>>> print(open('my_file-v3.cif').read())   # mmCIF, C-alpha atoms (C1' of nucleotides)
data_protein
loop_
_atom_site.group_PDB
_atom_site.id
_atom_site.type_symbol
_atom_site.label_atom_id
_atom_site.label_comp_id
_atom_site.auth_asym_id
_atom_site.auth_seq_id
_atom_site.Cartn_x
_atom_site.Cartn_y
_atom_site.Cartn_z
ATOM 1 C CA MET B 28 32.046 12.476 17.568
ATOM 2 C CA ARG B 29 30.796 12.301 14.002
ATOM 3 C CA LYS B 30 28.626 15.055 12.565
ATOM 4 C CA LEU B 31 25.290 13.493 11.743
ATOM 5 C CA PRO B 32 23.743 14.172 8.326
ATOM 6 C CA SER B 33 21.171 16.915 8.605
ATOM 7 C CA GLN B 34 18.416 14.858 7.052
ATOM 8 C CA LEU B 35 18.688 12.212 9.739
ATOM 9 C CA LEU B 36 18.180 14.853 12.421
ATOM 10 C CA LYS B 37 14.927 16.118 10.981
ATOM 11 C CA GLY B 38 12.119 15.674 13.398
ATOM 12 C CA SER B 39 14.450 14.226 16.013
ATOM 13 C CA LEU B 40 15.736 17.576 17.160
ATOM 14 C CA GLU B 41 12.280 18.874 17.974
ATOM 15 C CA GLY B 42 11.700 15.873 20.216
ATOM 16 C CA ALA B 43 15.126 16.281 21.750
ATOM 17 C CA LEU B 44 14.362 19.902 22.650
ATOM 18 C CA LEU B 45 11.128 18.921 24.352
ATOM 19 C CA GLN B 46 12.951 16.167 26.193
ATOM 20 C CA ILE B 47 15.559 18.580 27.493
ATOM 21 C CA LEU B 48 12.959 21.127 28.587
ATOM 22 C CA ALA B 49 10.985 18.367 30.296
ATOM 23 C CA SER B 50 13.756 17.762 32.787
ATOM 24 C CA GLN B 51 14.633 21.403 33.424
ATOM 25 C CA GLU B 52 14.014 24.863 32.058
ATOM 26 C CA SER B 53 16.831 26.075 29.882
ATOM 27 C CA TYR B 54 17.931 28.700 27.360
ATOM 28 C CA PRO B 55 19.008 28.242 23.738
ATOM 29 C CA TYR B 56 22.724 28.489 24.260
ATOM 30 C CA GLU B 57 22.635 25.861 27.003
ATOM 31 C CA ILE B 58 20.250 23.663 25.018
ATOM 32 C CA HIS B 59 22.629 23.747 22.110
ATOM 33 C CA GLN B 60 25.475 22.613 24.313
ATOM 34 C CA ALA B 61 23.320 19.885 25.827
ATOM 35 C CA LEU B 62 22.549 18.497 22.355
ATOM 36 C CA VAL B 63 26.208 18.430 21.393
ATOM 37 C CA THR B 64 27.156 16.824 24.701
ATOM 38 C CA ALA B 65 24.447 14.202 24.362
ATOM 39 C CA GLY B 66 25.979 13.137 21.062
ATOM 40 C CA PHE B 67 23.842 14.714 18.364
ATOM 41 C CA GLY B 68 27.003 16.012 16.729
ATOM 42 C CA GLU B 69 27.715 19.586 15.830
ATOM 43 C CA ILE B 70 24.344 21.218 15.555
ATOM 44 C CA ALA B 71 24.277 24.662 13.940
ATOM 45 C CA ASP B 72 23.057 27.181 16.495
ATOM 46 C CA GLY B 73 21.017 28.746 13.713
ATOM 47 C CA THR B 74 18.945 25.597 13.933
ATOM 48 C CA ILE B 75 17.919 26.005 17.529
ATOM 49 C CA TYR B 76 16.368 29.453 17.473
ATOM 50 C CA PRO B 77 13.783 28.992 14.736
ATOM 51 C CA LEU B 78 12.801 25.668 16.290
ATOM 52 C CA LEU B 79 12.227 27.210 19.696
ATOM 53 C CA LEU B 80 10.241 30.081 18.179
ATOM 54 C CA LYS B 81 8.066 27.603 16.351
ATOM 55 C CA LEU B 82 7.420 25.635 19.556
ATOM 56 C CA GLU B 83 6.657 28.846 21.418
ATOM 57 C CA ARG B 84 4.259 30.111 18.744
ATOM 58 C CA SER B 85 2.420 26.802 18.794
ATOM 59 C CA GLY B 86 2.006 26.971 22.549
ATOM 60 C CA GLN B 87 4.198 24.030 23.495
ATOM 61 C CA ILE B 88 6.806 25.994 25.399
ATOM 62 C CA GLN B 89 7.021 29.437 26.942
ATOM 63 C CA GLY B 90 9.986 31.763 27.109
ATOM 64 C CA GLU B 91 10.971 34.388 29.637
ATOM 65 C CA ARG B 92 13.965 36.697 29.503
ATOM 66 C CA ARG B 93 16.172 36.922 32.572
ATOM 67 C CA ASP B 94 19.541 38.446 33.330
ATOM 68 C CA SER B 95 22.479 36.113 33.183
ATOM 69 C CA PRO B 96 23.960 35.391 36.620
ATOM 70 C CA ASN B 97 27.493 35.749 35.274
ATOM 71 C CA GLY B 98 27.110 39.219 33.853
ATOM 72 C CA GLY B 99 26.755 38.036 30.249
ATOM 73 C CA PRO B 100 23.918 38.956 27.923
ATOM 74 C CA PRO B 101 20.439 38.201 29.260
ATOM 75 C CA ARG B 102 19.140 34.695 28.620
ATOM 76 C CA LYS B 103 15.787 33.561 27.398
ATOM 77 C CA TYR B 104 14.638 30.696 29.580
ATOM 78 C CA TYR B 105 12.067 28.315 28.148
ATOM 79 C CA HIS B 106 9.863 25.896 30.023
ATOM 80 C CA LEU B 107 7.481 23.194 28.891
ATOM 81 C CA LEU B 108 3.720 23.786 28.747
ATOM 82 C CA PRO B 109 1.113 20.998 29.014
ATOM 83 C CA SER B 110 0.713 20.941 25.248
ATOM 84 C CA GLY B 111 4.435 20.407 24.950
ATOM 85 C CA GLN B 112 4.278 17.602 27.454
ATOM 86 C CA ALA B 113 1.697 15.879 25.269
ATOM 87 C CA ALA B 114 3.780 16.479 22.154
ATOM 88 C CA LEU B 115 6.746 14.914 23.908
ATOM 89 C CA ALA B 116 4.720 11.813 24.717
ATOM 90 C CA ASP B 117 3.724 11.565 21.064
ATOM 91 C CA PHE B 118 7.289 11.960 19.960
ATOM 92 C CA LYS B 119 8.467 9.261 22.327
ATOM 93 C CA ALA B 120 5.928 6.849 20.852
ATOM 94 C CA ASP B 121 6.980 7.764 17.317
ATOM 95 C CA TRP B 122 10.618 7.364 18.132
ATOM 96 C CA ALA B 123 10.102 4.003 19.813
ATOM 97 C CA GLN B 124 8.285 2.775 16.732
ATOM 98 C CA LEU B 125 10.996 3.973 14.373
ATOM 99 C CA GLU B 126 13.664 2.429 16.564
ATOM 100 C CA ALA B 127 11.799 -0.875 16.625
ATOM 101 C CA ALA B 128 11.291 -0.848 12.860
ATOM 102 C CA MET B 129 14.955 -0.167 12.277
ATOM 103 C CA ASN B 130 16.023 -2.981 14.584
ATOM 104 C CA GLN B 131 13.539 -5.248 12.864
ATOM 105 C CA LEU B 132 15.346 -4.758 9.566
ATOM 106 C CA GLY B 133 18.804 -4.987 11.030
ATOM 107 C CA GLY B 134 18.136 -8.215 12.875
ATOM 108 C CA LYS B 135 16.913 -10.026 9.821
ATOM 109 C CA MET J 1 0.496 0.876 13.672
ATOM 110 C CA ARG J 2 0.840 4.627 13.823
ATOM 111 C CA LYS J 3 1.816 6.640 10.767
ATOM 112 C CA LEU J 4 5.138 8.252 11.552
ATOM 113 C CA PRO J 5 5.601 11.977 10.839
ATOM 114 C CA SER J 6 7.341 12.426 7.510
ATOM 115 C CA GLN J 7 10.075 14.596 8.944
ATOM 116 C CA LEU J 8 11.156 11.876 11.333
ATOM 117 C CA LEU J 9 11.627 9.465 8.436
ATOM 118 C CA LYS J 10 14.003 11.714 6.543
ATOM 119 C CA GLY J 11 17.326 10.031 6.092
ATOM 120 C CA SER J 12 16.122 6.894 7.832
ATOM 121 C CA LEU J 13 14.326 5.550 4.782
ATOM 122 C CA GLU J 14 17.422 5.676 2.641
ATOM 123 C CA GLY J 15 19.283 3.590 5.204
ATOM 124 C CA ALA J 16 16.349 1.238 5.495
ATOM 125 C CA LEU J 17 16.350 0.650 1.744
ATOM 126 C CA LEU J 18 20.039 -0.172 1.746
ATOM 127 C CA GLN J 19 19.487 -2.489 4.686
ATOM 128 C CA ILE J 20 16.749 -4.349 2.867
ATOM 129 C CA LEU J 21 18.777 -4.690 -0.302
ATOM 130 C CA ALA J 22 21.748 -5.884 1.714
ATOM 131 C CA SER J 23 19.920 -9.024 2.767
ATOM 132 C CA GLN J 24 18.314 -9.779 -0.594
ATOM 133 C CA GLU J 25 17.672 -8.213 -3.976
ATOM 134 C CA SER J 26 14.177 -6.807 -4.259
ATOM 135 C CA TYR J 27 11.862 -4.596 -6.306
ATOM 136 C CA PRO J 28 10.095 -1.380 -5.258
ATOM 137 C CA TYR J 29 6.687 -2.843 -4.626
ATOM 138 C CA GLU J 30 8.122 -5.533 -2.360
ATOM 139 C CA ILE J 31 10.437 -3.063 -0.657
ATOM 140 C CA HIS J 32 7.481 -0.851 0.107
ATOM 141 C CA GLN J 33 5.665 -3.742 1.712
ATOM 142 C CA ALA J 34 8.754 -4.719 3.682
ATOM 143 C CA LEU J 35 8.967 -1.199 5.122
ATOM 144 C CA VAL J 36 5.337 -1.218 6.166
ATOM 145 C CA THR J 37 5.678 -4.690 7.663
ATOM 146 C CA ALA J 38 8.816 -3.734 9.569
ATOM 147 C CA GLY J 39 6.843 -0.952 11.259
ATOM 148 C CA PHE J 40 7.783 2.229 9.458
ATOM 149 C CA GLY J 41 4.097 3.036 9.123
ATOM 150 C CA GLU J 42 2.282 3.783 5.923
ATOM 151 C CA ILE J 43 4.935 4.979 3.544
ATOM 152 C CA ALA J 44 3.689 6.617 0.338
ATOM 153 C CA ASP J 45 4.777 4.498 -2.598
ATOM 154 C CA GLY J 46 5.624 7.719 -4.409
ATOM 155 C CA THR J 47 8.436 8.024 -1.874
ATOM 156 C CA ILE J 48 10.189 4.799 -2.829
ATOM 157 C CA TYR J 49 10.729 5.349 -6.543
ATOM 158 C CA PRO J 50 12.612 8.656 -6.461
ATOM 159 C CA LEU J 51 14.763 7.334 -3.632
ATOM 160 C CA LEU J 52 15.733 4.224 -5.572
ATOM 161 C CA LEU J 53 16.462 6.283 -8.672
ATOM 162 C CA LYS J 54 18.706 8.545 -6.665
ATOM 163 C CA LEU J 55 20.595 5.575 -5.211
ATOM 164 C CA GLU J 56 20.954 4.063 -8.657
ATOM 165 C CA ARG J 57 22.208 7.297 -10.206
ATOM 166 C CA SER J 58 24.794 7.649 -7.458
ATOM 167 C CA GLY J 59 26.051 4.122 -8.069
ATOM 168 C CA GLN J 60 24.998 2.576 -4.779
ATOM 169 C CA ILE J 61 22.515 0.110 -6.217
ATOM 170 C CA GLN J 62 21.787 -1.337 -9.640
ATOM 171 C CA GLY J 63 18.450 -2.217 -11.180
ATOM 172 C CA GLU J 64 17.487 -4.843 -13.700
ATOM 173 C CA ARG J 65 14.062 -5.421 -15.195
ATOM 174 C CA ARG J 66 12.701 -8.951 -15.163
ATOM 175 C CA ASP J 67 9.335 -10.524 -15.887
ATOM 176 C CA SER J 68 7.178 -11.242 -12.909
ATOM 177 C CA PRO J 69 6.831 -14.975 -12.173
ATOM 178 C CA ASN J 70 3.112 -14.604 -11.515
ATOM 179 C CA GLY J 71 2.227 -13.060 -14.870
ATOM 180 C CA GLY J 72 1.911 -9.539 -13.509
ATOM 181 C CA PRO J 73 3.764 -6.491 -14.807
ATOM 182 C CA PRO J 74 7.552 -6.844 -15.051
ATOM 183 C CA ARG J 75 9.503 -5.987 -11.934
ATOM 184 C CA LYS J 76 12.648 -3.951 -11.547
ATOM 185 C CA TYR J 77 14.985 -5.835 -9.233
ATOM 186 C CA TYR J 78 17.643 -3.855 -7.416
ATOM 187 C CA HIS J 79 20.787 -5.135 -5.788
ATOM 188 C CA LEU J 80 23.447 -3.486 -3.662
ATOM 189 C CA LEU J 81 26.778 -2.383 -5.136
ATOM 190 C CA PRO J 82 30.014 -2.031 -3.103
ATOM 191 C CA SER J 83 29.476 1.712 -2.825
ATOM 192 C CA GLY J 84 26.057 1.012 -1.362
ATOM 193 C CA GLN J 85 27.543 -1.434 1.090
ATOM 194 C CA ALA J 86 29.878 1.304 2.297
ATOM 195 C CA ALA J 87 27.011 3.789 2.521
ATOM 196 C CA LEU J 88 25.075 1.289 4.594
ATOM 197 C CA ALA J 89 27.968 0.955 7.014
ATOM 198 C CA ASP J 90 28.074 4.757 7.335
ATOM 199 C CA PHE J 91 24.369 4.898 7.913
ATOM 200 C CA LYS J 92 24.541 2.254 10.614
ATOM 201 C CA ALA J 93 27.182 4.258 12.452
ATOM 202 C CA ASP J 94 25.100 7.443 12.132
ATOM 203 C CA TRP J 95 21.987 5.703 13.326
ATOM 204 C CA ALA J 96 23.753 4.128 16.302
ATOM 205 C CA GLN J 97 25.018 7.554 17.318
ATOM 206 C CA LEU J 98 21.607 9.143 17.026
ATOM 207 C CA GLU J 99 20.045 6.320 18.993
ATOM 208 C CA ALA J 100 22.655 6.667 21.719
ATOM 209 C CA ALA J 101 22.203 10.441 21.875
ATOM 210 C CA MET J 102 18.448 10.067 22.190
ATOM 211 C CA ASN J 103 18.758 7.508 24.964
ATOM 212 C CA GLN J 104 21.240 9.759 26.690
ATOM 213 C CA LEU J 105 18.615 12.492 26.940
ATOM 214 C CA GLY J 106 15.815 10.178 27.904
ATOM 215 C CA GLY J 107 17.737 8.483 30.665
ATOM 216 C CA LYS J 108 18.597 11.724 32.404
ATOM 217 C "C1'" DT R 1 -19.031 -8.819 -18.398
ATOM 218 C "C1'" DT R 2 -17.831 -5.526 -15.767
ATOM 219 C "C1'" DC R 3 -16.002 -3.921 -11.747
ATOM 220 C "C1'" DA R 4 -13.093 -4.040 -7.822
ATOM 221 C "C1'" DA R 5 -8.812 -5.426 -5.850
ATOM 222 C "C1'" DC R 6 -4.250 -6.390 -6.311
ATOM 223 C "C1'" DT R 7 0.294 -6.162 -8.502
ATOM 224 C "C1'" DA R 8 3.585 -3.080 -10.479
ATOM 225 C "C1'" DT R 9 6.106 1.297 -12.089
ATOM 226 C "C1'" DC R 10 6.713 6.250 -12.357
ATOM 227 C "C1'" DT R 11 6.330 11.809 -12.362
ATOM 228 C "C1'" DT R 12 5.289 16.432 -10.681
ATOM 229 C "C1'" DG R 13 4.710 20.002 -7.392
ATOM 230 C "C1'" DT R 14 4.528 21.140 -2.423
ATOM 231 C "C1'" DC R 15 6.210 21.636 2.216
ATOM 232 C "C1'" DA R 16 9.012 21.172 6.361
ATOM 233 C "C1'" DA R 17 13.195 21.605 8.706
ATOM 234 C "C1'" DG R 18 18.256 21.714 9.370
ATOM 235 C "C1'" DC R 19 22.145 24.439 7.805
ATOM 236 C "C1'" DA R 20 25.411 28.004 6.195
ATOM 237 C "C1'" DA R 21 26.342 32.468 6.631
ATOM 238 C "C1'" DG R 22 25.938 36.443 8.712
ATOM 239 C "C1'" DG R 23 24.924 40.124 12.292
ATOM 240 C "C1'" DA R 24 24.849 42.148 17.055
ATOM 241 C "C1'" DA R 25 26.642 42.847 21.688
ATOM 242 C "C1'" DG R 26 28.521 42.037 26.414
ATOM 243 C "C1'" DT R 27 32.512 39.994 29.476
ATOM 244 C "C1'" DG R 28 36.985 38.564 30.526
ATOM 245 C "C1'" DT R 29 41.905 37.476 29.460
ATOM 246 C "C1'" DC R 30 46.507 38.000 27.559
ATOM 247 C "C1'" DG D 24 43.890 45.906 21.427
ATOM 248 C "C1'" DA D 25 42.802 41.344 20.080
ATOM 249 C "C1'" DC D 26 40.886 37.134 20.904
ATOM 250 C "C1'" DA D 27 37.782 33.840 23.113
ATOM 251 C "C1'" DC D 28 33.537 33.053 25.206
ATOM 252 C "C1'" DT D 29 28.677 33.885 26.130
ATOM 253 C "C1'" DT D 30 24.207 35.043 24.325
ATOM 254 C "C1'" DC D 31 20.657 36.204 21.003
ATOM 255 C "C1'" DC D 32 18.704 36.277 16.232
ATOM 256 C "C1'" DT D 33 17.557 36.299 10.719
ATOM 257 C "C1'" DT D 34 17.697 35.057 5.744
ATOM 258 C "C1'" DG D 35 18.060 32.075 1.895
ATOM 259 C "C1'" DC D 36 19.279 27.336 0.400
ATOM 260 C "C1'" DT D 37 18.691 22.472 -0.014
ATOM 261 C "C1'" DT D 38 16.990 18.004 0.793
ATOM 262 C "C1'" DG D 39 13.680 14.502 0.942
ATOM 263 C "C1'" DA D 40 8.963 12.599 2.142
ATOM 264 C "C1'" DC D 41 4.379 13.185 0.510
ATOM 265 C "C1'" DA D 42 -0.008 13.937 -2.083
ATOM 266 C "C1'" DA D 43 -1.911 13.339 -6.205
ATOM 267 C "C1'" DG D 44 -2.193 11.438 -10.315
ATOM 268 C "C1'" DA D 45 -0.982 8.513 -14.602
ATOM 269 C "C1'" DT D 46 -0.404 3.885 -16.579
ATOM 270 C "C1'" DA D 47 -1.269 -1.050 -17.157
ATOM 271 C "C1'" DG D 48 -1.629 -6.170 -16.480
ATOM 272 C "C1'" DT D 49 -4.131 -10.167 -13.706
ATOM 273 C "C1'" DT D 50 -7.687 -12.289 -11.068
ATOM 274 C "C1'" DG D 51 -11.926 -13.104 -8.743
ATOM 275 C "C1'" DA D 52 -16.584 -11.738 -7.581
ATOM 276 C "C1'" DA D 53 -21.133 -9.834 -8.586
#
>>> encode(input="my_file-v3.cif", output="structure tokens")
Amino acid sequence: MRKLPSQLLKGSLEGALLQILASQESYPYEIHQALVTAGFGEIADGTIYPLLLKLERSGQIQGERRDSPNGGPPRKYYHLLPSGQAALADFKADWAQLEAAMNQLGGK
Amino acid sequence: MRKLPSQLLKGSLEGALLQILASQESYPYEIHQALVTAGFGEIADGTIYPLLLKLERSGQIQGERRDSPNGGPPRKYYHLLPSGQAALADFKADWAQLEAAMNQLGGK
DNA sequence: TTCAACTATCTTGTCAAGCAAGGAAGTGTC
DNA sequence: GACACTTCCTTGCTTGACAAGATAGTTGAA
């Protein structure tokens, strides 16, 4: 699995986070693993936290701290708010357009 | 045609430029139009010039000034160099991975 | 004849976001 | 006692798209 250049990830990661939280609530450590598993390459974990804080501050997601079931440090679970749902829809439209534009060039 | 958020374009535009120049030599003004036509949204023309200069300085493309056939200002035609061809191949692999990762999340 | 629209190139400063590097702390294993 | 894993978080750096603006030639309309 190749490590993607950071510039290419810009903007995409925010949408990816919303996408993950749309299907289930999750916490940063798990989200990070989900991104790597999905194929985004090795994302720095220092990337995830500021992004989540930004989304929380802007009212798109909400966090809640809960004890870990396996005795580890407590986790901060995030879930999507309506505003985040709308932002996700926007992102999906943006992404679809970018994807289409890229394929347009490649197919020529 | 929606204007894509600038952050989402980061990295993608560089690949798009290489892609365009891979199929035919071109000059900035035409490249800009090609991007808009392909569906990348309204790209600022101030974005194209620094990008091309960077690619030229790094030896991926080469420019050559020629008179415009329609009597307008002279154009600077760029064509792809071998190093640019290789960079394009890299970009394509990166893009394919990102696309796959995104679809992976969406399909869940 | 002047004014807008189009073609064409280029520079400077700003801003957003991913990353590297680091810190903190608990649990379990060898 | 050391290492690996889980879990959270911050600071400063760098990159690249953009806004704004400068320059200049051609053409067609008012």
>>> interface_residues(input="my_file-v3.cif", of="chain J", to="chain B", cutoff="7 Å", atoms="only C-alpha atoms", output="VMD selection string")
chain J and resid 4 7 to 8 10 to 12 19 to 20 38 to 40 94 97 to 98 101 104 to 106
>>> axis_aligned_box(input="my_file-v3.cif", around="stretch 44-57 of chain J", padding_each_side="8 Å", output="lines of an AutoDock Vina configuration file")
center_x = 12.9
center_y = 6.4
center_z = -4.9
size_x = 34.5
size_y = 20.6
size_z = 26.5
>>> interface_residues(input="my_file-v3.cif", of="chain R", to="chain J", cutoff="12 Å", atoms="only C-alpha atoms (C1' of nucleotides)", output="list in words")
DC6, DT7, DA8, DT9, DC10, DT11, DT12, DC15, DA16, DA17 and DG18 of chain R
>>> closest_atom_pairs(input="my_file-v3.cif", of="chain D", to="chain J", cutoff="7 Å", atoms="all atoms listed in the file", output="Markdown table")
| residue | atom | partner | partner_atom | distance |
| --- | --- | --- | --- | --- |
| D:DG39 | C1' | J:Lys10 | CA | 6.3 |
| D:DA40 | C1' | J:Ser6 | CA | 5.6 |
| D:DC41 | C1' | J:Ala44 | CA | 6.6 |
| D:DG48 | C1' | J:Pro73 | CA | 5.7 |
| D:DT49 | C1' | J:Gly72 | CA | 6.1 |
>>> residues_near_point(input="my_file-v3.cif", point="(31.2, 6.0, -4.8)", cutoff="9 Å", atoms="only C-alpha atoms (C1' of nucleotides)", output="tab-separated table (two decimals) with C-alpha atoms, keeping the file's coordinate frame")
chain	number	residue	atom	x	y	z
J	58	SER	CA	24.79	7.65	-7.46
J	59	GLY	CA	26.05	4.12	-8.07
J	60	GLN	CA	25.00	2.58	-4.78
J	82	PRO	CA	30.01	-2.03	-3.10
J	83	SER	CA	29.48	1.71	-2.82
J	84	GLY	CA	26.06	1.01	-1.36
J	86	ALA	CA	29.88	1.30	2.30
J	87	ALA	CA	27.01	3.79	2.52
>>> atom_distance(input="my_file-v3.cif", atom1="atom CA of B:Tyr105", atom2="atom C1' of R:DG22")
25.2 Å
>>> atom_distance(input="my_file-v3.cif", atom1="atom CA of B:Leu115", atom2="atom CA of B:Leu80")
16.6 Å
>>> atom_distance(input="my_file-v3.cif", atom1="atom C1' of D:DC28", atom2="atom CA of B:Glu52")
22.3 Å
>>> resolve_selection(input="my_file-v3.cif", expression="the PyMOL selection byres ((chain R and resi 5) around 9)", output="ChimeraX atom specification")
/R:4,6 /D:50-51
>>> resolve_selection(input="my_file-v3.cif", expression="the PyMOL selection byres ((chain B and resi 91) around 7)", output="ChimeraX atom specification")
/B:89-90,92-93,103-105
